[in-house]
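K.L.:
Structure incoming, see below.
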Amino acid sequence: MNKVKCIGLAAALLSAPVLAAPDLDALLQHLARPAPATTPFTEVHFSPLLSRPLIVSGELEYSGPDSLARTVEKPYSEHTEIKGDTVTVTRGSGKPRTFSLQRAPELKILLSSFTALLSGNRQQLEQSFTLTINGDEAHWSLGLSPRDSRISQRVTAITVDGAGGSPRCMTTRAPDGSVTIMLMEDAAKAPVEPGVDRAGLEKVCH
């Protein structure tokens, strides 16, 4: 490389904008969604027991700190609604089934943490998870590591990837090697092929 090219390269590097690492509190406030809020989702579940990933899609609805609904539209119809400590599940035209979150305290903590993420409540998140943040404003990654051994028996880690103030993916890892990747907002608008692999989804997330 000649001297002129070296000088040009150095000038370009010096003039390039430096992207700052996102502030955790600021990021959580950007992620907060005023209730009511809805967003499309596509969920891809990888498991050592499955020959191919299980893919479901639909809509998430956040109505407040104690209210969350998940409607699966494909490949089957299912509506799950959580209000306070009560969970109601309706599959297709079947009869609704109701149970209390008191029977599953670890699930209650996971759900309350998810709504805490949607409300930007850092204090509530840190009651159950250790939070870490990596990357910059162009692409950030928020990690949630369970503090409670009951949760870690079901979930070893949760990672939320996004850009700016928009989340793109939520990845949940389980002790048995299962991985569930949920595409959200703009990332959920693109179709996911039945034979998709994790590497392909990670490109979408990033």
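Residues in the structure tokens are numbered from 1 in each chain, the chains being A, B, ... in the order shown, and ligands are numbered from 1 in the order shown.
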When DSSP works through the backbone of this structure, what residues of region 8-202 of chain A end up as strand (DSSP E or B), shown as an mmCIF file with C-alpha atoms, in the first residue's frame?
P.N.:
```cif
data_model
loop_
_atom_site.group_PDB
_atom_site.id
_atom_site.type_symbol
_atom_site.label_atom_id
_atom_site.label_comp_id
_atom_site.auth_asym_id
_atom_site.auth_seq_id
_atom_site.Cartn_x
_atom_site.Cartn_y
_atom_site.Cartn_z
ATOM 1 C CA ALA A 37 -49.227 -2.660 22.542
ATOM 2 C CA THR A 38 -49.215 -5.489 19.999
ATOM 3 C CA THR A 39 -46.433 -6.947 17.883
ATOM 4 C CA PRO A 40 -46.195 -9.849 15.443
ATOM 5 C CA PHE A 41 -43.900 -12.722 16.368
ATOM 6 C CA THR A 42 -42.433 -15.841 14.823
ATOM 7 C CA GLU A 43 -41.087 -18.434 17.227
ATOM 8 C CA VAL A 44 -38.650 -21.149 16.142
ATOM 9 C CA HIS A 45 -37.955 -23.975 18.579
ATOM 10 C CA PHE A 46 -34.872 -26.172 18.153
ATOM 11 C CA LEU A 54 -41.002 -26.219 15.228
ATOM 12 C CA ILE A 55 -42.206 -22.874 13.855
ATOM 13 C CA VAL A 56 -45.244 -20.969 15.114
ATOM 14 C CA SER A 57 -46.334 -17.408 14.385
ATOM 15 C CA GLY A 58 -48.944 -14.960 15.598
ATOM 16 C CA GLU A 59 -49.251 -11.868 17.755
ATOM 17 C CA LEU A 60 -48.234 -10.755 21.229
ATOM 18 C CA GLU A 61 -50.389 -8.290 23.141
ATOM 19 C CA TYR A 62 -49.180 -6.384 26.191
ATOM 20 C CA SER A 63 -51.960 -4.700 28.162
ATOM 21 C CA GLY A 64 -50.041 -3.704 31.295
ATOM 22 C CA SER A 67 -51.619 -8.648 31.525
ATOM 23 C CA LEU A 68 -50.062 -10.436 28.559
ATOM 24 C CA ALA A 69 -51.616 -12.404 25.687
ATOM 25 C CA ARG A 70 -50.088 -14.675 23.052
ATOM 26 C CA THR A 71 -52.124 -15.668 20.010
ATOM 27 C CA VAL A 72 -50.768 -18.401 17.735
ATOM 28 C CA GLU A 73 -52.233 -18.202 14.230
ATOM 29 C CA LYS A 74 -50.045 -20.734 12.381
ATOM 30 C CA GLU A 78 -54.210 -21.077 20.245
ATOM 31 C CA HIS A 79 -54.795 -18.127 22.553
ATOM 32 C CA THR A 80 -53.034 -17.782 25.907
ATOM 33 C CA GLU A 81 -53.983 -14.933 28.202
ATOM 34 C CA ILE A 82 -52.335 -14.045 31.495
ATOM 35 C CA LYS A 83 -54.042 -11.696 33.924
ATOM 36 C CA THR A 86 -54.492 -16.544 36.237
ATOM 37 C CA VAL A 87 -53.592 -18.180 32.915
ATOM 38 C CA THR A 88 -56.294 -19.089 30.390
ATOM 39 C CA VAL A 89 -55.492 -21.227 27.347
ATOM 40 C CA THR A 90 -57.930 -21.747 24.466
ATOM 41 C CA ARG A 91 -56.942 -23.994 21.573
ATOM 42 C CA ARG A 97 -58.512 -24.157 30.346
ATOM 43 C CA THR A 98 -57.528 -22.090 33.365
ATOM 44 C CA PHE A 99 -54.790 -22.548 35.951
ATOM 45 C CA SER A 100 -53.006 -20.449 38.543
ATOM 46 C CA PHE A 129 -31.793 -11.922 36.595
ATOM 47 C CA THR A 130 -28.265 -10.636 36.321
ATOM 48 C CA LEU A 131 -28.244 -8.188 33.397
ATOM 49 C CA THR A 132 -25.396 -7.662 30.928
ATOM 50 C CA ILE A 133 -25.223 -5.538 27.801
ATOM 51 C CA ASN A 134 -22.859 -5.755 24.825
ATOM 52 C CA GLY A 135 -22.461 -4.137 21.421
ATOM 53 C CA TRP A 140 -26.834 -4.468 20.951
ATOM 54 C CA SER A 141 -27.327 -7.646 22.945
ATOM 55 C CA LEU A 142 -29.006 -7.745 26.364
ATOM 56 C CA GLY A 143 -28.308 -10.855 28.442
ATOM 57 C CA LEU A 144 -30.455 -12.134 31.316
ATOM 58 C CA SER A 145 -28.937 -14.818 33.567
ATOM 59 C CA PRO A 146 -31.305 -16.381 36.137
ATOM 60 C CA ALA A 157 -30.046 -17.850 29.678
ATOM 61 C CA ILE A 158 -32.152 -15.328 27.769
ATOM 62 C CA THR A 159 -30.667 -12.972 25.181
ATOM 63 C CA VAL A 160 -32.458 -10.060 23.522
ATOM 64 C CA ASP A 161 -30.845 -8.727 20.339
ATOM 65 C CA GLY A 162 -31.833 -5.482 18.693
ATOM 66 C CA ALA A 163 -30.879 -2.221 17.021
ATOM 67 C CA SER A 166 -36.204 -1.936 18.586
ATOM 68 C CA PRO A 167 -35.833 -5.552 19.722
ATOM 69 C CA ARG A 168 -35.406 -8.069 16.908
ATOM 70 C CA CYS A 169 -35.008 -11.420 18.634
ATOM 71 C CA MET A 170 -35.338 -13.079 22.016
ATOM 72 C CA THR A 171 -33.325 -16.287 22.389
ATOM 73 C CA THR A 172 -34.089 -18.660 25.272
ATOM 74 C CA ARG A 173 -31.735 -21.540 26.096
ATOM 75 C CA VAL A 179 -33.082 -23.225 21.973
ATOM 76 C CA THR A 180 -36.106 -21.054 21.181
ATOM 77 C CA ILE A 181 -35.639 -17.953 19.032
ATOM 78 C CA MET A 182 -38.532 -15.494 18.881
ATOM 79 C CA LEU A 183 -38.419 -12.954 16.052
ATOM 80 C CA MET A 184 -40.264 -9.746 16.947
#
```
K.L.:
Could you give me, as a VMD selection string, each residue of region 11-173 of chain A that DSSP assigns to alpha helix (DSSP H) when run on this structure's backbone?
P.N.:
chain A and resid 11 to 15 24 to 31 105 to 119 122 to 128 149 to 152
K.L.:
For Asp197 (chain A), find every residue with an atom within 9 Å (counting only C-alpha atoms), except residues of its own chain fewer than 2 positions away, and show them as a list in words.
P.N.:
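Once the adjacent positions are removed, what remains is Phe46, Arg52, Pro53, Gly195, Ala199, Gly200, Leu201 and Glu202 of chain A.
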K.L.:
Restricting the calculation to only C-alpha atoms: of A:Arg150, A:Val196, A:Pro65, A:Gly177, which residue gets closest to Leu107 (chain A)?
P.N.:
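Of the candidates, the smallest distance to Leu107 (chain A) is held by A:Arg150.
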K.L.:
Taking into account only C-alpha atoms, which residue in the set A:Asp25, A:Lys95, A:Leu110, A:Gly165 is nearest to Glu185 (chain A)?
P.N.:
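Among the listed residues, A:Gly165 lies closest to Glu185 (chain A).
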K.L.:
Can you tell me which residues surround region 112-114 of chain A at a distance of at most 10 Å, considering only C-alpha atoms, apart from same-chain residues fewer than 4 positions away, and format the answer as a list in words?
P.N.:
Pro65, Asp66, Ser67, Leu68, Gly84, Glu106, Leu107, Lys108, Leu118, Ser119, Gly120, Asn121, Arg122, Gln124, Leu125, Glu126, Gln127, Ser128, Phe129 and Leu144 of chain A
K.L.:
Just the selected residues (N, CA and C atoms), exported as a PDB file, in the first residue's frame, please.
P.N.:
```
ATOM      1  N   PRO A  65     -48.625  -4.251  33.222  1.00  0.00           N
ATOM      2  CA  PRO A  65     -47.698  -5.083  33.996  1.00  0.00           C
ATOM      3  C   PRO A  65     -48.229  -6.455  34.368  1.00  0.00           C
ATOM      4  N   ASP A  66     -49.547  -6.608  34.502  1.00  0.00           N
ATOM      5  CA  ASP A  66     -50.113  -7.890  34.920  1.00  0.00           C
ATOM      6  C   ASP A  66     -50.943  -8.551  33.828  1.00  0.00           C
ATOM      7  N   SER A  67     -50.773  -8.123  32.594  1.00  0.00           N
ATOM      8  CA  SER A  67     -51.619  -8.648  31.525  1.00  0.00           C
ATOM      9  C   SER A  67     -50.809  -8.843  30.243  1.00  0.00           C
ATOM     10  N   LEU A  68     -50.801 -10.089  29.770  1.00  0.00           N
ATOM     11  CA  LEU A  68     -50.062 -10.436  28.559  1.00  0.00           C
ATOM     12  C   LEU A  68     -50.831 -11.525  27.818  1.00  0.00           C
ATOM     13  N   GLY A  84     -52.858 -11.179  35.953  1.00  0.00           N
ATOM     14  CA  GLY A  84     -52.487 -11.409  37.339  1.00  0.00           C
ATOM     15  C   GLY A  84     -51.878 -12.785  37.502  1.00  0.00           C
ATOM     16  N   GLU A 106     -41.789 -20.651  39.181  1.00  0.00           N
ATOM     17  CA  GLU A 106     -40.713 -20.294  38.264  1.00  0.00           C
ATOM     18  C   GLU A 106     -41.256 -19.684  36.973  1.00  0.00           C
ATOM     19  N   LEU A 107     -42.421 -20.196  36.506  1.00  0.00           N
ATOM     20  CA  LEU A 107     -43.049 -19.624  35.316  1.00  0.00           C
ATOM     21  C   LEU A 107     -43.553 -18.220  35.614  1.00  0.00           C
ATOM     22  N   LYS A 108     -44.048 -18.028  36.812  1.00  0.00           N
ATOM     23  CA  LYS A 108     -44.529 -16.702  37.209  1.00  0.00           C
ATOM     24  C   LYS A 108     -43.397 -15.683  37.167  1.00  0.00           C
ATOM     25  N   LEU A 118     -40.973  -5.245  28.980  1.00  0.00           N
ATOM     26  CA  LEU A 118     -41.852  -4.426  28.155  1.00  0.00           C
ATOM     27  C   LEU A 118     -42.199  -3.092  28.827  1.00  0.00           C
ATOM     28  N   SER A 119     -42.110  -3.056  30.144  1.00  0.00           N
ATOM     29  CA  SER A 119     -42.409  -1.814  30.850  1.00  0.00           C
ATOM     30  C   SER A 119     -41.143  -1.034  31.209  1.00  0.00           C
ATOM     31  N   GLY A 120     -39.963  -1.600  30.854  1.00  0.00           N
ATOM     32  CA  GLY A 120     -38.702  -0.917  31.125  1.00  0.00           C
ATOM     33  C   GLY A 120     -38.339  -0.859  32.595  1.00  0.00           C
ATOM     34  N   ASN A 121     -38.789  -1.873  33.365  1.00  0.00           N
ATOM     35  CA  ASN A 121     -38.590  -1.870  34.817  1.00  0.00           C
ATOM     36  C   ASN A 121     -37.309  -2.633  35.171  1.00  0.00           C
ATOM     37  N   ARG A 122     -36.204  -1.906  35.280  1.00  0.00           N
ATOM     38  CA  ARG A 122     -34.911  -2.544  35.561  1.00  0.00           C
ATOM     39  C   ARG A 122     -34.894  -3.204  36.939  1.00  0.00           C
ATOM     40  N   GLN A 124     -37.268  -4.573  38.692  1.00  0.00           N
ATOM     41  CA  GLN A 124     -37.985  -5.844  38.697  1.00  0.00           C
ATOM     42  C   GLN A 124     -37.193  -6.927  37.965  1.00  0.00           C
ATOM     43  N   LEU A 125     -36.533  -6.546  36.864  1.00  0.00           N
ATOM     44  CA  LEU A 125     -35.722  -7.509  36.131  1.00  0.00           C
ATOM     45  C   LEU A 125     -34.570  -8.028  36.982  1.00  0.00           C
ATOM     46  N   GLU A 126     -33.915  -7.113  37.706  1.00  0.00           N
ATOM     47  CA  GLU A 126     -32.740  -7.504  38.473  1.00  0.00           C
ATOM     48  C   GLU A 126     -33.088  -8.301  39.727  1.00  0.00           C
ATOM     49  N   GLN A 127     -34.351  -8.370  40.087  1.00  0.00           N
ATOM     50  CA  GLN A 127     -34.755  -9.235  41.191  1.00  0.00           C
ATOM     51  C   GLN A 127     -34.581 -10.709  40.821  1.00  0.00           C
ATOM     52  N   SER A 128     -34.710 -11.019  39.524  1.00  0.00           N
ATOM     53  CA  SER A 128     -34.654 -12.412  39.082  1.00  0.00           C
ATOM     54  C   SER A 128     -33.471 -12.719  38.167  1.00  0.00           C
ATOM     55  N   PHE A 129     -32.856 -11.680  37.568  1.00  0.00           N
ATOM     56  CA  PHE A 129     -31.793 -11.922  36.595  1.00  0.00           C
ATOM     57  C   PHE A 129     -30.609 -10.985  36.826  1.00  0.00           C
ATOM     58  N   LEU A 144     -29.787 -11.932  30.030  1.00  0.00           N
ATOM     59  CA  LEU A 144     -30.455 -12.134  31.316  1.00  0.00           C
ATOM     60  C   LEU A 144     -30.077 -13.520  31.841  1.00  0.00           C
TER      61      LEU A 144
END
```
K.L.:
Can you work out the spacing between CA of Leu24 (chain A) and CA of Ile151 (chain A) in Å, to one decimal?
P.N.:
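Taking CA of Leu24 (chain A) as the start and CA of Ile151 (chain A) as the end point, the length is 23.0 Å.
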K.L.:
Of the candidates A:Val155, A:Ser178, A:Val204, A:Asp148, which shows the shortest atom-to-atom distance to Pro191 (chain A), using only C-alpha atoms?
P.N.:
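Result for the nearest residue to Pro191 (chain A): A:Val204.
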K.L.:
For Asp85 (chain A), which of A:Arg198, A:Thr156, A:Gln102, A:Asp23 is the closest residue, counting only C-alpha atoms?
P.N.:
A:Gln102
